[in-house]
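Novice: This is the structure, below, for whatever I ask next.
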Amino acid sequence: MTLKQIEYFVTVVNTGSMSKAALKLHVSQPPLSMQIKELEEELGTTLLERTTRRIRVTDAGRLFYRRAVSILDLTAAARNDIRTMDEHISGRLVIGTISSCHSIVLGPAIQKFSRLYPDVNFELVEGHTYLLLDKLNKREIDLAFARSPFKDSGVNKHFLFREPMAACGAPDLFPEGAPIKAQQLLGRPLILYRRFEEMITGYLSGFPGDLHVRCLCDDARTAVMWAAAGIGIAIVPRSITEMMAPGRLHVRDITDEPLCTSICIVTRQGQYLSPAAEKFIEVYT
């Protein structure tokens, strides 16, 4: 078997189809199918079952996939070790980031990293936490800035800091004041980002009172914009309120510890980290 066959197989599994894998690998589909077929013949088993729309990974294919990813990681490690023998760190770092982390990504740490390693270039992939975890698992990004809570099986978390949730609303709906308890929001029209719906509603259900969710949405920034329009009171991570509609909202931190979130840099367990990625995490943590 060859490294090309292994790479082709991993790409087919990650994309879920021969046609998508061919596009990503910049090859035509017949040679790709032939390479997979030769790999299966050498291993003496079926790795992929083809259908008219997608491929299905067999049990043998899933086992081989884990080994194949490890082989590709070790190959990348060997190449990078040779390239960086002179301690000169360069190359491209693919970073995943959620929208609420831009102020963290672009803080003093990135300036320090850029000063220390000016020959490292960046590619940013933006999206919600679960999208970034999926891309990390598929080896499409090197690391990701993510926000808890999330299922953390198969990943390493490098914690940066904890952040409270905050309530924000238009001045005519939500008065200014000191930090509040989440319980004080019962009976008020709430705007929730779906990502935190279970955490917030589960916690508030433990208190007496009416839980009134007036709006659910799929982006924390949308929740803040609806709050600014006077639709209700948004409950979002504190940093979101600093990015969106400053001065147009009254913002009060929520002091309940169970509603805090954590910002962390996430890497895949067993993943080879390039010298650039290792230095990046070192600077930020």
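All residue names refer to the structure tokens as shown: chains lettered A, B, ... in order, residues numbered from 1 in each chain, ligands numbered from 1 in order.
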As JSON, numbers by chain, which residues of stretch 180-238 of chain A does DSSP assign to strand (DSSP E)?
Specialist: {"A": [189, 190, 191, 192, 193, 212, 213, 214, 215, 216, 217, 233, 234, 235, 236, 237]}
Novice: Write the residues you've just listed into a file as a PDB file, in the first residue's frame, and include N, CA, C and O atoms for each of them.
Specialist:
```pdb
ATOM      1  N   PRO A 189     -39.484  38.108  29.213  1.00  0.00           N
ATOM      2  CA  PRO A 189     -39.341  37.497  27.879  1.00  0.00           C
ATOM      3  C   PRO A 189     -37.863  37.307  27.547  1.00  0.00           C
ATOM      4  O   PRO A 189     -37.114  38.287  27.436  1.00  0.00           O
ATOM      5  N   LEU A 190     -37.444  36.060  27.371  1.00  0.00           N
ATOM      6  CA  LEU A 190     -36.030  35.757  27.177  1.00  0.00           C
ATOM      7  C   LEU A 190     -35.733  35.392  25.726  1.00  0.00           C
ATOM      8  O   LEU A 190     -36.550  34.757  25.047  1.00  0.00           O
ATOM      9  N   ILE A 191     -34.560  35.769  25.286  1.00  0.00           N
ATOM     10  CA  ILE A 191     -34.054  35.410  23.964  1.00  0.00           C
ATOM     11  C   ILE A 191     -32.832  34.527  24.180  1.00  0.00           C
ATOM     12  O   ILE A 191     -31.862  34.949  24.826  1.00  0.00           O
ATOM     13  N   LEU A 192     -32.887  33.296  23.683  1.00  0.00           N
ATOM     14  CA  LEU A 192     -31.819  32.337  23.946  1.00  0.00           C
ATOM     15  C   LEU A 192     -31.167  31.875  22.655  1.00  0.00           C
ATOM     16  O   LEU A 192     -31.845  31.605  21.657  1.00  0.00           O
ATOM     17  N   TYR A 193     -29.870  31.795  22.700  1.00  0.00           N
ATOM     18  CA  TYR A 193     -29.088  31.159  21.646  1.00  0.00           C
ATOM     19  C   TYR A 193     -29.251  29.651  21.848  1.00  0.00           C
ATOM     20  O   TYR A 193     -29.005  29.134  22.925  1.00  0.00           O
ATOM     21  N   HIS A 212     -40.198  32.082  30.488  1.00  0.00           N
ATOM     22  CA  HIS A 212     -40.806  32.571  29.256  1.00  0.00           C
ATOM     23  C   HIS A 212     -39.718  32.753  28.190  1.00  0.00           C
ATOM     24  O   HIS A 212     -39.008  33.758  28.182  1.00  0.00           O
ATOM     25  N   VAL A 213     -39.572  31.764  27.319  1.00  0.00           N
ATOM     26  CA  VAL A 213     -38.625  31.874  26.215  1.00  0.00           C
ATOM     27  C   VAL A 213     -39.376  32.454  25.027  1.00  0.00           C
ATOM     28  O   VAL A 213     -40.172  31.772  24.374  1.00  0.00           O
ATOM     29  N   ARG A 214     -39.123  33.710  24.734  1.00  0.00           N
ATOM     30  CA  ARG A 214     -39.861  34.368  23.652  1.00  0.00           C
ATOM     31  C   ARG A 214     -39.238  34.087  22.290  1.00  0.00           C
ATOM     32  O   ARG A 214     -39.937  34.075  21.274  1.00  0.00           O
ATOM     33  N   CYS A 215     -37.929  33.861  22.279  1.00  0.00           N
ATOM     34  CA  CYS A 215     -37.279  33.651  20.986  1.00  0.00           C
ATOM     35  C   CYS A 215     -36.079  32.726  21.144  1.00  0.00           C
ATOM     36  O   CYS A 215     -35.273  32.896  22.064  1.00  0.00           O
ATOM     37  N   LEU A 216     -35.962  31.748  20.242  1.00  0.00           N
ATOM     38  CA  LEU A 216     -34.787  30.903  20.131  1.00  0.00           C
ATOM     39  C   LEU A 216     -34.112  31.217  18.798  1.00  0.00           C
ATOM     40  O   LEU A 216     -34.792  31.421  17.787  1.00  0.00           O
ATOM     41  N   CYS A 217     -32.783  31.263  18.794  1.00  0.00           N
ATOM     42  CA  CYS A 217     -32.080  31.548  17.543  1.00  0.00           C
ATOM     43  C   CYS A 217     -30.793  30.734  17.479  1.00  0.00           C
ATOM     44  O   CYS A 217     -30.392  30.103  18.459  1.00  0.00           O
ATOM     45  N   ILE A 233     -35.058  39.927  26.528  1.00  0.00           N
ATOM     46  CA  ILE A 233     -33.764  40.006  27.215  1.00  0.00           C
ATOM     47  C   ILE A 233     -32.925  38.811  26.769  1.00  0.00           C
ATOM     48  O   ILE A 233     -33.323  37.657  26.955  1.00  0.00           O
ATOM     49  N   ALA A 234     -31.796  39.084  26.179  1.00  0.00           N
ATOM     50  CA  ALA A 234     -30.926  38.017  25.684  1.00  0.00           C
ATOM     51  C   ALA A 234     -29.998  37.546  26.791  1.00  0.00           C
ATOM     52  O   ALA A 234     -29.489  38.348  27.584  1.00  0.00           O
ATOM     53  N   ILE A 235     -29.771  36.238  26.846  1.00  0.00           N
ATOM     54  CA  ILE A 235     -28.784  35.661  27.765  1.00  0.00           C
ATOM     55  C   ILE A 235     -27.673  35.061  26.901  1.00  0.00           C
ATOM     56  O   ILE A 235     -27.886  34.077  26.190  1.00  0.00           O
ATOM     57  N   VAL A 236     -26.508  35.685  26.956  1.00  0.00           N
ATOM     58  CA  VAL A 236     -25.387  35.295  26.087  1.00  0.00           C
ATOM     59  C   VAL A 236     -24.075  35.434  26.870  1.00  0.00           C
ATOM     60  O   VAL A 236     -24.039  36.071  27.924  1.00  0.00           O
ATOM     61  N   PRO A 237     -22.982  34.874  26.366  1.00  0.00           N
ATOM     62  CA  PRO A 237     -21.689  35.101  27.003  1.00  0.00           C
ATOM     63  C   PRO A 237     -21.345  36.592  27.032  1.00  0.00           C
ATOM     64  O   PRO A 237     -21.663  37.339  26.111  1.00  0.00           O
TER      65      PRO A 237
END
```
Novice: Output as CSV one row per residue of stretch 167-205 of chain A within 8 Å of stretch 246-268 of chain A: the closest atom pair and its distance in Å to one decimal place, counting only C-alpha atoms, sorted by chain and residue number ascending.
Specialist:
```
residue,atom,partner,partner_atom,distance
A:Ala167,CA,A:Arg252,CA,5.4
A:Cys168,CA,A:Val251,CA,4.4
A:Gly169,CA,A:Leu249,CA,5.4
A:Ala170,CA,A:Leu249,CA,4.9
A:Pro171,CA,A:His250,CA,5.8
A:Phe174,CA,A:His250,CA,6.4
A:Pro175,CA,A:His250,CA,6.6
A:Glu176,CA,A:His250,CA,5.5
A:Gly177,CA,A:Arg252,CA,6.8
A:Ala178,CA,A:Arg252,CA,6.4
A:Pro179,CA,A:Asp253,CA,4.7
A:Ile180,CA,A:Ile254,CA,5.1
A:Lys181,CA,A:Ile254,CA,5.5
A:Ala182,CA,A:Ile254,CA,6.0
A:Met199,CA,A:Leu259,CA,7.3
A:Ile200,CA,A:Leu259,CA,7.0
A:Tyr203,CA,A:Pro258,CA,7.7
```
Novice: Those same residues, written as a short mmCIF file (atom, residue, chain, number, x, y, z; two decimals), in the first residue's frame with all heavy atoms?
Specialist:
```
data_model
loop_
_atom_site.label_atom_id
_atom_site.label_comp_id
_atom_site.auth_asym_id
_atom_site.auth_seq_id
_atom_site.Cartn_x
_atom_site.Cartn_y
_atom_site.Cartn_z
N ALA A 167 -27.03 39.11 30.92
CA ALA A 167 -28.35 39.43 30.42
C ALA A 167 -28.29 40.83 29.82
O ALA A 167 -27.69 41.74 30.40
CB ALA A 167 -29.39 39.38 31.54
N CYS A 168 -28.88 41.00 28.64
CA CYS A 168 -28.86 42.33 28.04
C CYS A 168 -30.20 42.62 27.38
O CYS A 168 -30.87 41.72 26.86
CB CYS A 168 -27.73 42.45 27.01
SG CYS A 168 -27.83 41.30 25.62
N GLY A 169 -30.59 43.87 27.44
CA GLY A 169 -31.86 44.26 26.87
C GLY A 169 -31.89 45.74 26.57
O GLY A 169 -31.03 46.51 27.02
N ALA A 170 -32.88 46.17 25.80
CA ALA A 170 -33.04 47.58 25.48
C ALA A 170 -33.35 48.37 26.75
O ALA A 170 -33.98 47.84 27.67
CB ALA A 170 -34.16 47.75 24.45
N PRO A 171 -32.91 49.64 26.82
CA PRO A 171 -33.10 50.42 28.04
C PRO A 171 -34.54 50.50 28.54
O PRO A 171 -34.79 50.52 29.74
CB PRO A 171 -32.58 51.81 27.64
CG PRO A 171 -31.55 51.52 26.58
CD PRO A 171 -32.11 50.34 25.82
N PHE A 174 -35.12 46.76 30.09
CA PHE A 174 -34.21 46.14 31.07
C PHE A 174 -33.42 47.24 31.76
O PHE A 174 -32.61 47.93 31.13
CB PHE A 174 -33.27 45.18 30.33
CG PHE A 174 -32.47 44.29 31.23
CD1 PHE A 174 -33.08 43.51 32.21
CD2 PHE A 174 -31.09 44.21 31.10
CE1 PHE A 174 -32.34 42.68 33.02
CE2 PHE A 174 -30.34 43.38 31.91
CZ PHE A 174 -30.97 42.61 32.87
N PRO A 175 -33.63 47.45 33.06
CA PRO A 175 -32.97 48.55 33.75
C PRO A 175 -31.49 48.27 33.99
O PRO A 175 -31.05 47.12 34.04
CB PRO A 175 -33.72 48.63 35.09
CG PRO A 175 -34.20 47.23 35.31
CD PRO A 175 -34.53 46.69 33.95
N GLU A 176 -30.72 49.34 34.13
CA GLU A 176 -29.32 49.20 34.52
C GLU A 176 -29.25 48.78 35.97
O GLU A 176 -30.20 48.89 36.73
CB GLU A 176 -28.59 50.53 34.33
CG GLU A 176 -28.28 50.90 32.89
CD GLU A 176 -27.43 52.15 32.82
OE1 GLU A 176 -27.89 53.20 33.26
OE2 GLU A 176 -26.30 52.06 32.29
N GLY A 177 -28.07 48.30 36.38
CA GLY A 177 -27.91 47.91 37.77
C GLY A 177 -26.74 46.98 37.97
O GLY A 177 -25.92 46.77 37.08
N ALA A 178 -26.68 46.42 39.17
CA ALA A 178 -25.59 45.52 39.54
C ALA A 178 -25.82 44.15 38.90
O ALA A 178 -26.87 43.87 38.33
CB ALA A 178 -25.55 45.40 41.06
N PRO A 179 -24.81 43.28 38.99
CA PRO A 179 -24.99 41.89 38.52
C PRO A 179 -26.22 41.27 39.17
O PRO A 179 -26.62 41.63 40.28
CB PRO A 179 -23.70 41.20 38.96
CG PRO A 179 -22.68 42.30 38.97
CD PRO A 179 -23.43 43.52 39.47
N ILE A 180 -26.80 40.31 38.49
CA ILE A 180 -28.05 39.72 38.96
C ILE A 180 -27.92 38.20 39.05
O ILE A 180 -26.97 37.61 38.54
CB ILE A 180 -29.23 40.05 38.02
CG1 ILE A 180 -28.96 39.49 36.61
CG2 ILE A 180 -29.48 41.54 37.98
CD1 ILE A 180 -30.13 39.63 35.67
N LYS A 181 -28.88 37.61 39.73
CA LYS A 181 -29.05 36.17 39.75
C LYS A 181 -29.97 35.78 38.58
O LYS A 181 -30.91 36.52 38.25
CB LYS A 181 -29.67 35.71 41.07
CG LYS A 181 -28.73 35.85 42.27
CD LYS A 181 -27.68 34.76 42.24
CE LYS A 181 -26.85 34.75 43.51
NZ LYS A 181 -25.79 33.70 43.45
N ALA A 182 -29.72 34.63 37.99
CA ALA A 182 -30.53 34.18 36.86
C ALA A 182 -32.01 34.08 37.24
O ALA A 182 -32.90 34.34 36.42
CB ALA A 182 -30.02 32.83 36.36
N MET A 199 -28.67 24.29 28.78
CA MET A 199 -27.97 24.70 29.99
C MET A 199 -28.80 25.72 30.78
O MET A 199 -28.95 25.60 32.01
CB MET A 199 -26.60 25.30 29.63
CG MET A 199 -25.81 25.79 30.84
SD MET A 199 -24.18 26.47 30.37
CE MET A 199 -24.64 28.06 29.68
N ILE A 200 -29.35 26.72 30.09
CA ILE A 200 -30.06 27.80 30.77
C ILE A 200 -31.42 27.34 31.27
O ILE A 200 -31.78 27.55 32.44
CB ILE A 200 -30.20 29.02 29.83
CG1 ILE A 200 -28.83 29.62 29.54
CG2 ILE A 200 -31.12 30.07 30.46
CD1 ILE A 200 -28.83 30.65 28.44
N TYR A 203 -31.20 24.86 34.15
CA TYR A 203 -30.85 25.49 35.43
C TYR A 203 -32.03 26.27 36.00
O TYR A 203 -32.35 26.14 37.19
CB TYR A 203 -29.65 26.41 35.23
CG TYR A 203 -29.20 27.11 36.49
CD1 TYR A 203 -28.58 26.41 37.52
CD2 TYR A 203 -29.42 28.48 36.67
CE1 TYR A 203 -28.17 27.04 38.68
CE2 TYR A 203 -29.01 29.12 37.82
CZ TYR A 203 -28.39 28.40 38.83
OH TYR A 203 -27.99 29.02 39.98
#
```
Novice: Can you measure atom CA of A:Gly127 to atom CA of A:Ser239 for me? One decimal in Å is fine.
Specialist: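 Computed distance, atom CA of A:Gly127 to atom CA of A:Ser239, equals 16.5 Å.
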Novice: I'd like the contact shell of A:Ser33 - 10 Å cut-off, only C-alpha atoms, skipping same-chain residues fewer than 6 positions apart - returned as a list in words.
Specialist: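 Those residues are Tyr8, Phe9, Val12, Met18, Ser19, Ala22 and Leu39 of chain A.
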Novice: Grab the residues selected above and save them as a PDB file, in the first residue's frame with C-alpha atoms.
Specialist:
```
ATOM      1  CA  TYR A   8      -7.245   8.913  -0.713  1.00  0.00           C
ATOM      2  CA  PHE A   9      -9.077   6.518   1.620  1.00  0.00           C
ATOM      3  CA  VAL A  12     -13.203   9.595   0.959  1.00  0.00           C
ATOM      4  CA  MET A  18     -16.084   9.566  -4.078  1.00  0.00           C
ATOM      5  CA  SER A  19     -17.051  12.646  -6.070  1.00  0.00           C
ATOM      6  CA  ALA A  22     -12.028  13.604  -6.022  1.00  0.00           C
ATOM      7  CA  LEU A  39      -5.989  -0.953  -1.378  1.00  0.00           C
TER       8      LEU A  39
END
```
Novice: Taking the backbone alone, and naming residues the way the document does, which bits of stretch 66-264 of chain A are alpha helix (DSSP H) by DSSP, as number ranges by chain?
Specialist: A: 66-83, 102-105, 108-116, 129-137, 197-204, 220-228, 238-243
Novice: Env of A:Ile104: 10 Å cut, atoms = only C-alpha atoms, seq-sep filter 6 positions within chain, self excluded. Answer as a ChimeraX atom specification.
Specialist: /A:97,110,145,160,239,263,284
